[in-house]
$ cat upload.cif   # mmCIF, C-alpha atoms
data_upload
loop_
_atom_site.group_PDB
_atom_site.id
_atom_site.type_symbol
_atom_site.label_atom_id
_atom_site.label_comp_id
_atom_site.auth_asym_id
_atom_site.auth_seq_id
_atom_site.Cartn_x
_atom_site.Cartn_y
_atom_site.Cartn_z
ATOM 1 C CA MET A 1164 16.766 12.770 12.740
ATOM 2 C CA THR A 1165 13.433 12.443 14.489
ATOM 3 C CA VAL A 1166 11.187 9.392 14.331
ATOM 4 C CA SER A 1167 8.819 11.202 11.981
ATOM 5 C CA ASP A 1168 11.649 11.935 9.521
ATOM 6 C CA ASP A 1169 12.180 8.226 8.835
ATOM 7 C CA PRO A 1170 9.210 6.080 7.733
ATOM 8 C CA LEU A 1171 10.872 2.899 9.028
ATOM 9 C CA LEU A 1172 11.170 4.377 12.522
ATOM 10 C CA LEU A 1173 7.793 6.122 12.355
ATOM 11 C CA PHE A 1174 5.854 2.986 11.483
ATOM 12 C CA SER A 1175 7.928 0.756 13.740
ATOM 13 C CA GLU A 1176 7.005 2.882 16.721
ATOM 14 C CA LYS A 1177 3.447 3.752 15.665
ATOM 15 C CA SER A 1178 2.195 0.643 13.840
ATOM 16 C CA GLU A 1179 -0.645 0.069 16.313
ATOM 17 C CA LEU A 1180 -1.677 3.732 16.280
ATOM 18 C CA TYR A 1181 -1.601 3.754 12.474
ATOM 19 C CA GLU A 1182 -3.812 0.671 12.266
ATOM 20 C CA ARG A 1183 -6.309 2.227 14.700
ATOM 21 C CA PHE A 1184 -6.215 5.500 12.740
ATOM 22 C CA LEU A 1185 -7.070 3.667 9.500
ATOM 23 C CA ARG A 1186 -10.024 1.923 11.160
ATOM 24 C CA PHE A 1187 -11.217 5.207 12.710
ATOM 25 C CA VAL A 1188 -11.352 6.975 9.336
ATOM 26 C CA GLY A 1189 -13.006 3.940 7.669
ATOM 27 C CA TYR A 1190 -10.160 3.265 5.265
ATOM 28 C CA PRO A 1191 -10.500 -0.558 5.270
ATOM 29 C CA ASN A 1192 -14.237 -0.297 4.540
ATOM 30 C CA GLY A 1193 -13.636 2.173 1.734
ATOM 31 C CA LEU A 1194 -11.003 -0.041 0.130
ATOM 32 C CA ARG A 1195 -13.218 -3.129 0.458
ATOM 33 C CA ALA A 1196 -16.108 -1.261 -1.226
ATOM 34 C CA TYR A 1197 -13.776 -0.056 -3.983
ATOM 35 C CA PHE A 1198 -12.370 -3.502 -4.699
ATOM 36 C CA THR A 1199 -15.809 -5.140 -4.548
ATOM 37 C CA GLN A 1200 -16.712 -2.968 -7.560
ATOM 38 C CA TRP A 1201 -13.242 -3.132 -9.164
ATOM 39 C CA PRO A 1202 -13.718 -4.385 -12.741
ATOM 40 C CA LEU A 1203 -10.215 -5.888 -12.797
ATOM 41 C CA LEU A 1204 -10.853 -8.325 -9.929
ATOM 42 C CA ARG A 1205 -11.091 -11.851 -11.289
ATOM 43 C CA ALA A 1206 -10.192 -15.387 -10.300
ATOM 44 C CA GLY A 1207 -6.644 -16.435 -11.064
ATOM 45 C CA MET A 1208 -5.135 -12.974 -11.135
ATOM 46 C CA ARG A 1209 -1.788 -12.145 -9.548
ATOM 47 C CA VAL A 1210 -1.538 -9.005 -7.441
ATOM 48 C CA LEU A 1211 1.394 -7.261 -5.781
ATOM 49 C CA ASP A 1212 0.531 -5.159 -2.728
ATOM 50 C CA ALA A 1213 3.316 -2.561 -2.670
ATOM 51 C CA GLY A 1214 3.819 -1.088 0.786
ATOM 52 C CA CYS A 1215 1.306 -3.446 2.357
ATOM 53 C CA GLY A 1216 1.708 -2.155 5.900
ATOM 54 C CA THR A 1217 -0.745 -3.994 8.125
ATOM 55 C CA GLY A 1218 -2.417 -5.615 5.100
ATOM 56 C CA VAL A 1219 -5.375 -3.320 4.597
ATOM 57 C CA VAL A 1220 -5.264 -3.575 0.766
ATOM 58 C CA SER A 1221 -4.563 -7.306 0.619
ATOM 59 C CA LEU A 1222 -7.389 -7.983 3.071
ATOM 60 C CA ALA A 1223 -9.762 -5.695 1.158
ATOM 61 C CA LEU A 1224 -8.965 -7.580 -2.066
ATOM 62 C CA TYR A 1225 -9.413 -10.936 -0.356
ATOM 63 C CA ASP A 1226 -12.744 -9.872 1.189
ATOM 64 C CA ALA A 1227 -13.969 -8.337 -2.084
ATOM 65 C CA ALA A 1228 -13.264 -11.574 -3.960
ATOM 66 C CA CYS A 1229 -15.139 -13.555 -1.306
ATOM 67 C CA ARG A 1230 -18.101 -11.158 -1.524
ATOM 68 C CA ARG A 1231 -18.155 -11.586 -5.303
ATOM 69 C CA ASP A 1232 -17.927 -15.368 -4.886
ATOM 70 C CA ILE A 1233 -14.686 -15.697 -6.840
ATOM 71 C CA ALA A 1234 -11.437 -17.283 -5.766
ATOM 72 C CA PRO A 1235 -9.212 -14.678 -4.083
ATOM 73 C CA PRO A 1236 -6.300 -13.508 -6.205
ATOM 74 C CA THR A 1237 -2.773 -14.695 -5.592
ATOM 75 C CA ILE A 1238 -1.294 -11.881 -3.528
ATOM 76 C CA ASP A 1239 2.336 -11.077 -2.822
ATOM 77 C CA ALA A 1240 2.986 -8.191 -0.453
ATOM 78 C CA PHE A 1241 5.970 -6.209 0.734
ATOM 79 C CA ASP A 1242 6.603 -3.445 3.212
ATOM 80 C CA LEU A 1243 9.592 -1.598 4.602
ATOM 81 C CA THR A 1244 8.626 -2.049 8.254
ATOM 82 C CA PRO A 1245 8.920 -5.350 10.146
ATOM 83 C CA ALA A 1246 6.443 -4.128 12.796
ATOM 84 C CA MET A 1247 3.778 -3.538 10.146
ATOM 85 C CA LEU A 1248 4.478 -6.930 8.540
ATOM 86 C CA GLN A 1249 4.118 -8.583 11.956
ATOM 87 C CA ARG A 1250 0.724 -6.945 12.498
ATOM 88 C CA PHE A 1251 -0.293 -8.182 9.019
ATOM 89 C CA ARG A 1252 0.963 -11.696 9.833
ATOM 90 C CA ASP A 1253 -0.992 -11.677 13.116
ATOM 91 C CA THR A 1254 -4.193 -10.643 11.317
ATOM 92 C CA LEU A 1255 -3.780 -13.378 8.706
ATOM 93 C CA GLU A 1256 -3.282 -15.966 11.455
ATOM 94 C CA ARG A 1257 -6.255 -14.675 13.450
ATOM 95 C CA ARG A 1258 -8.488 -14.773 10.366
ATOM 96 C CA ARG A 1259 -6.977 -18.087 9.184
ATOM 97 C CA ILE A 1260 -6.079 -16.711 5.759
ATOM 98 C CA GLY A 1261 -3.218 -18.388 3.955
ATOM 99 C CA GLY A 1262 -1.499 -17.913 0.649
ATOM 100 C CA ILE A 1263 -0.464 -14.264 0.965
ATOM 101 C CA ASP A 1264 3.314 -14.124 0.784
ATOM 102 C CA ARG A 1265 4.968 -11.205 2.568
ATOM 103 C CA VAL A 1266 8.523 -9.907 2.612
ATOM 104 C CA GLN A 1267 10.351 -6.882 3.909
ATOM 105 C CA CYS A 1268 11.534 -4.660 1.085
ATOM 106 C CA ASP A 1269 12.046 -1.012 0.200
ATOM 107 C CA VAL A 1270 10.105 0.118 -2.891
ATOM 108 C CA LEU A 1271 13.296 1.830 -4.068
ATOM 109 C CA ARG A 1272 15.216 -1.464 -3.923
ATOM 110 C CA LEU A 1273 12.839 -3.893 -5.621
ATOM 111 C CA GLU A 1274 15.728 -6.087 -6.757
ATOM 112 C CA ALA A 1275 15.585 -7.521 -3.212
ATOM 113 C CA LEU A 1276 12.189 -9.102 -3.944
ATOM 114 C CA PRO A 1277 12.052 -12.794 -4.905
ATOM 115 C CA GLU A 1278 12.833 -13.334 -8.594
ATOM 116 C CA SER A 1279 9.367 -14.769 -9.205
ATOM 117 C CA TRP A 1280 7.707 -11.548 -8.045
ATOM 118 C CA THR A 1281 7.104 -10.142 -11.500
ATOM 119 C CA GLY A 1282 4.500 -10.379 -14.258
ATOM 120 C CA TYR A 1283 1.612 -9.127 -12.110
ATOM 121 C CA ASP A 1284 -1.863 -8.524 -13.508
ATOM 122 C CA ALA A 1285 -2.197 -5.679 -11.021
ATOM 123 C CA ILE A 1286 -0.047 -3.819 -8.569
ATOM 124 C CA VAL A 1287 -1.872 -1.928 -5.857
ATOM 125 C CA SER A 1288 -0.350 0.574 -3.507
ATOM 126 C CA ALA A 1289 -2.234 2.569 -0.911
ATOM 127 C CA SER A 1290 -0.852 5.195 1.430
ATOM 128 C CA MET A 1291 2.776 4.321 0.819
ATOM 129 C CA MET A 1292 4.062 6.639 -1.893
ATOM 130 C CA GLU A 1293 3.431 9.647 0.368
ATOM 131 C CA TYR A 1294 6.362 8.557 2.538
ATOM 132 C CA LEU A 1295 8.938 8.648 -0.243
ATOM 133 C CA SER A 1296 10.915 11.766 -0.944
ATOM 134 C CA ARG A 1297 9.341 13.778 -3.752
ATOM 135 C CA GLU A 1298 12.430 13.099 -5.851
ATOM 136 C CA SER A 1299 11.946 9.316 -5.488
ATOM 137 C CA LEU A 1300 8.286 9.069 -6.508
ATOM 138 C CA SER A 1301 8.922 8.586 -10.246
ATOM 139 C CA THR A 1302 11.691 6.079 -9.532
ATOM 140 C CA ALA A 1303 9.351 3.998 -7.368
ATOM 141 C CA LEU A 1304 6.585 4.129 -9.983
ATOM 142 C CA ARG A 1305 9.037 3.079 -12.701
ATOM 143 C CA GLY A 1306 10.238 0.126 -10.606
ATOM 144 C CA LEU A 1307 6.686 -1.054 -9.938
ATOM 145 C CA ARG A 1308 5.728 -0.652 -13.598
ATOM 146 C CA ALA A 1309 8.587 -2.984 -14.541
ATOM 147 C CA ARG A 1310 6.968 -5.739 -12.437
ATOM 148 C CA LEU A 1311 3.660 -5.630 -14.322
ATOM 149 C CA ALA A 1312 2.682 -8.197 -16.935
ATOM 150 C CA PRO A 1313 1.954 -6.782 -20.397
ATOM 151 C CA GLY A 1314 -1.436 -5.107 -20.083
ATOM 152 C CA GLY A 1315 -1.166 -5.052 -16.275
ATOM 153 C CA THR A 1316 -2.526 -2.202 -14.199
ATOM 154 C CA LEU A 1317 -1.052 -0.098 -11.415
ATOM 155 C CA THR A 1318 -3.676 1.145 -8.967
ATOM 156 C CA LEU A 1319 -2.352 3.847 -6.687
ATOM 157 C CA CYS A 1320 -4.304 5.265 -3.759
ATOM 158 C CA ILE A 1321 -2.532 8.399 -2.623
ATOM 159 C CA THR A 1322 -3.591 11.214 -0.336
ATOM 160 C CA ARG A 1323 -4.378 14.411 -2.183
ATOM 161 C CA ARG A 1324 -3.293 17.784 -0.971
ATOM 162 C CA ASN A 1325 -6.172 19.769 0.516
ATOM 163 C CA ALA A 1326 -6.980 21.749 3.668
ATOM 164 C CA LEU A 1327 -8.116 18.676 5.645
ATOM 165 C CA MET A 1328 -5.340 16.296 4.614
ATOM 166 C CA GLN A 1329 -2.475 18.727 5.166
ATOM 167 C CA PRO A 1330 -2.743 18.687 8.984
ATOM 168 C CA LEU A 1331 -4.153 15.165 9.275
ATOM 169 C CA ILE A 1332 -1.773 13.284 6.986
ATOM 170 C CA GLY A 1333 0.869 15.798 5.952
ATOM 171 C CA TRP A 1334 1.805 17.053 9.401
ATOM 172 C CA TRP A 1335 0.655 14.339 11.777
ATOM 173 C CA TRP A 1336 2.021 11.434 9.719
ATOM 174 C CA ASN A 1337 4.789 13.486 8.061
ATOM 175 C CA ALA A 1338 3.675 12.563 4.549
ATOM 176 C CA ASN A 1339 4.171 14.287 1.215
ATOM 177 C CA LEU A 1340 0.887 15.344 -0.349
ATOM 178 C CA TYR A 1341 0.467 15.880 -4.089
ATOM 179 C CA THR A 1342 -1.784 17.761 -6.433
ATOM 180 C CA ALA A 1343 -3.194 16.026 -9.514
ATOM 181 C CA ALA A 1344 -0.761 18.006 -11.673
ATOM 182 C CA GLU A 1345 2.220 16.846 -9.591
ATOM 183 C CA LEU A 1346 1.093 13.232 -9.897
ATOM 184 C CA ARG A 1347 0.696 13.551 -13.681
ATOM 185 C CA VAL A 1348 4.307 14.753 -13.883
ATOM 186 C CA ALA A 1349 5.528 11.856 -11.723
ATOM 187 C CA PHE A 1350 3.650 9.295 -13.833
ATOM 188 C CA ARG A 1351 4.918 10.887 -17.043
ATOM 189 C CA ASP A 1352 8.491 10.807 -15.735
ATOM 190 C CA ALA A 1353 8.035 7.147 -14.755
ATOM 191 C CA GLY A 1354 6.972 6.283 -18.300
#
$ encode --input "upload.cif" --output "structure tokens"
Amino acid sequence: MTVSDDPLLLFSEKSELYERFLRFVGYPNGLRAYFTQWPLLRAGMRVLDAGCGTGVVSLALYDAACRRDIAPPTIDAFDLTPAMLQRFRDTLERRRIGGIDRVQCDVLRLEALPESWTGYDAIVSASMMEYLSRESLSTALRGLRARLAPGGTLTLCITRRNALMQPLIGWWWNANLYTAAELRVAFRDAG
């Protein structure tokens, strides 16, 4: 098995490179702009950041709430990789942001999350589902759906398959890329 075959090893060894790559392509700015306009963002909401990595989604949500002059949501976050969680922790300390709970967990083993981590108004996941096996995508979606409150929303940012993303994300980061039709099937299978 090579490092790129195992997301835990890949992101343990390349967490700094991954964070720099995200900044280079403007991903944090894009997410912040998206969440600043997100109609679901409101004070008092509970959000789960699934596959939080270095915290790009949680930080975008926090910044968007501040820009809209509303109290940031309560955010719980998990990731598979301790190195990514450490980078997230360092950023929170550097920016003096508290109140974002983080744990190590595999999206395919959500029973390891704290018992209180359920009933979310929103679950957001960005650039994580691509690293699951194709056969596991529906299982992961089903597990996340079970953690939503009635009427809750799952927001999934996932890399689409196209000529640019295949070499950049598919090959370089060893990710699975999906067509819209493939994603519809996975969501249907997840219920």
$ resolve_selection --input "upload.cif" --expression "the PyMOL selection byres ((chain A and resi 1251) around 12)" --output "ChimeraX atom specification"
/A:1178-1179,1182,1214-1222,1240-1242,1244-1250,1252-1261,1263-1267
$ closest_residue --input "upload.cif" --among "A:Ala1353, A:Cys1320, A:Ala1309, A:Ala1227" --to "Glu1293 of chain A" --atoms "all atoms listed in the file"
A:Cys1320
$ residues_around --input "upload.cif" --residues "Ser1279 of chain A" --least-positions-apart "2" --cutoff "12 Å" --atoms "all atoms listed in the file" --output "list in words"
Arg1209, Leu1211, Asp1239, Asp1264, Leu1273, Glu1274, Ala1275, Leu1276, Pro1277, Thr1281, Gly1282, Tyr1283, Arg1310 and Leu1311 of chain A
$ atom_distance --input "upload.cif" --atom1 "atom CA of Arg1231 of chain A" --atom2 "atom CA of Met1292 of chain A"
28.9 Å
$ residues_around --input "upload.cif" --residues "Tyr1197 of chain A" --least-positions-apart "4" --cutoff "10 Å" --atoms "only C-alpha atoms" --output "list in words"
Pro1191, Asn1192, Gly1193, Trp1201, Pro1202, Ala1223, Leu1224 and Ala1227 of chain A
$ closest_residue --input "upload.cif" --among "A:Val1270, A:Val1287, A:Leu1317, A:Ile1233" --to "Ala1303 of chain A" --atoms "only C-alpha atoms"
A:Val1270
$ atom_distance --input "upload.cif" --atom1 "atom CA of Gln1200 of chain A" --atom2 "atom CA of Ala1312 of chain A"
22.2 Å
$ axis_aligned_box --input "upload.cif" --around "segment 1281-1293 of chain A" --padding-each-side "3 Å" --output "lines of an AutoDock Vina configuration file"
center_x = 2.4
center_y = -0.4
center_z = -6.4
size_x = 15.3
size_y = 26.0
size_z = 21.7
$ closest_residue --input "upload.cif" --among "A:Ala1196, A:Asp1212, A:Tyr1294, A:Glu1278" --to "Ala1228 of chain A" --atoms "all atoms listed in the file"
A:Ala1196
$ atom_distance --input "upload.cif" --atom1 "atom CA of Asp1284 of chain A" --atom2 "atom CA of Arg1205 of chain A"
10.1 Å
$ residues_around --input "upload.cif" --residues "Arg1305 of chain A" --least-positions-apart "3" --cutoff "10 Å" --atoms "all atoms listed in the file" --output "MDAnalysis selection string"
chainID A and resid 1271 1299:1302 1308:1310 1349:1354
$ residues_near_point --input "upload.cif" --point "(-8.5, -12.7, -10.7)" --cutoff "8 Å" --atoms "only C-alpha atoms" --output "ChimeraX atom specification"
/A:1203-1209,1233-1237
$ closest_residue --input "upload.cif" --among "A:Leu1304, A:Ala1213, A:Arg1272, A:Thr1318" --to "Phe1198 of chain A" --atoms "all atoms listed in the file"
A:Thr1318
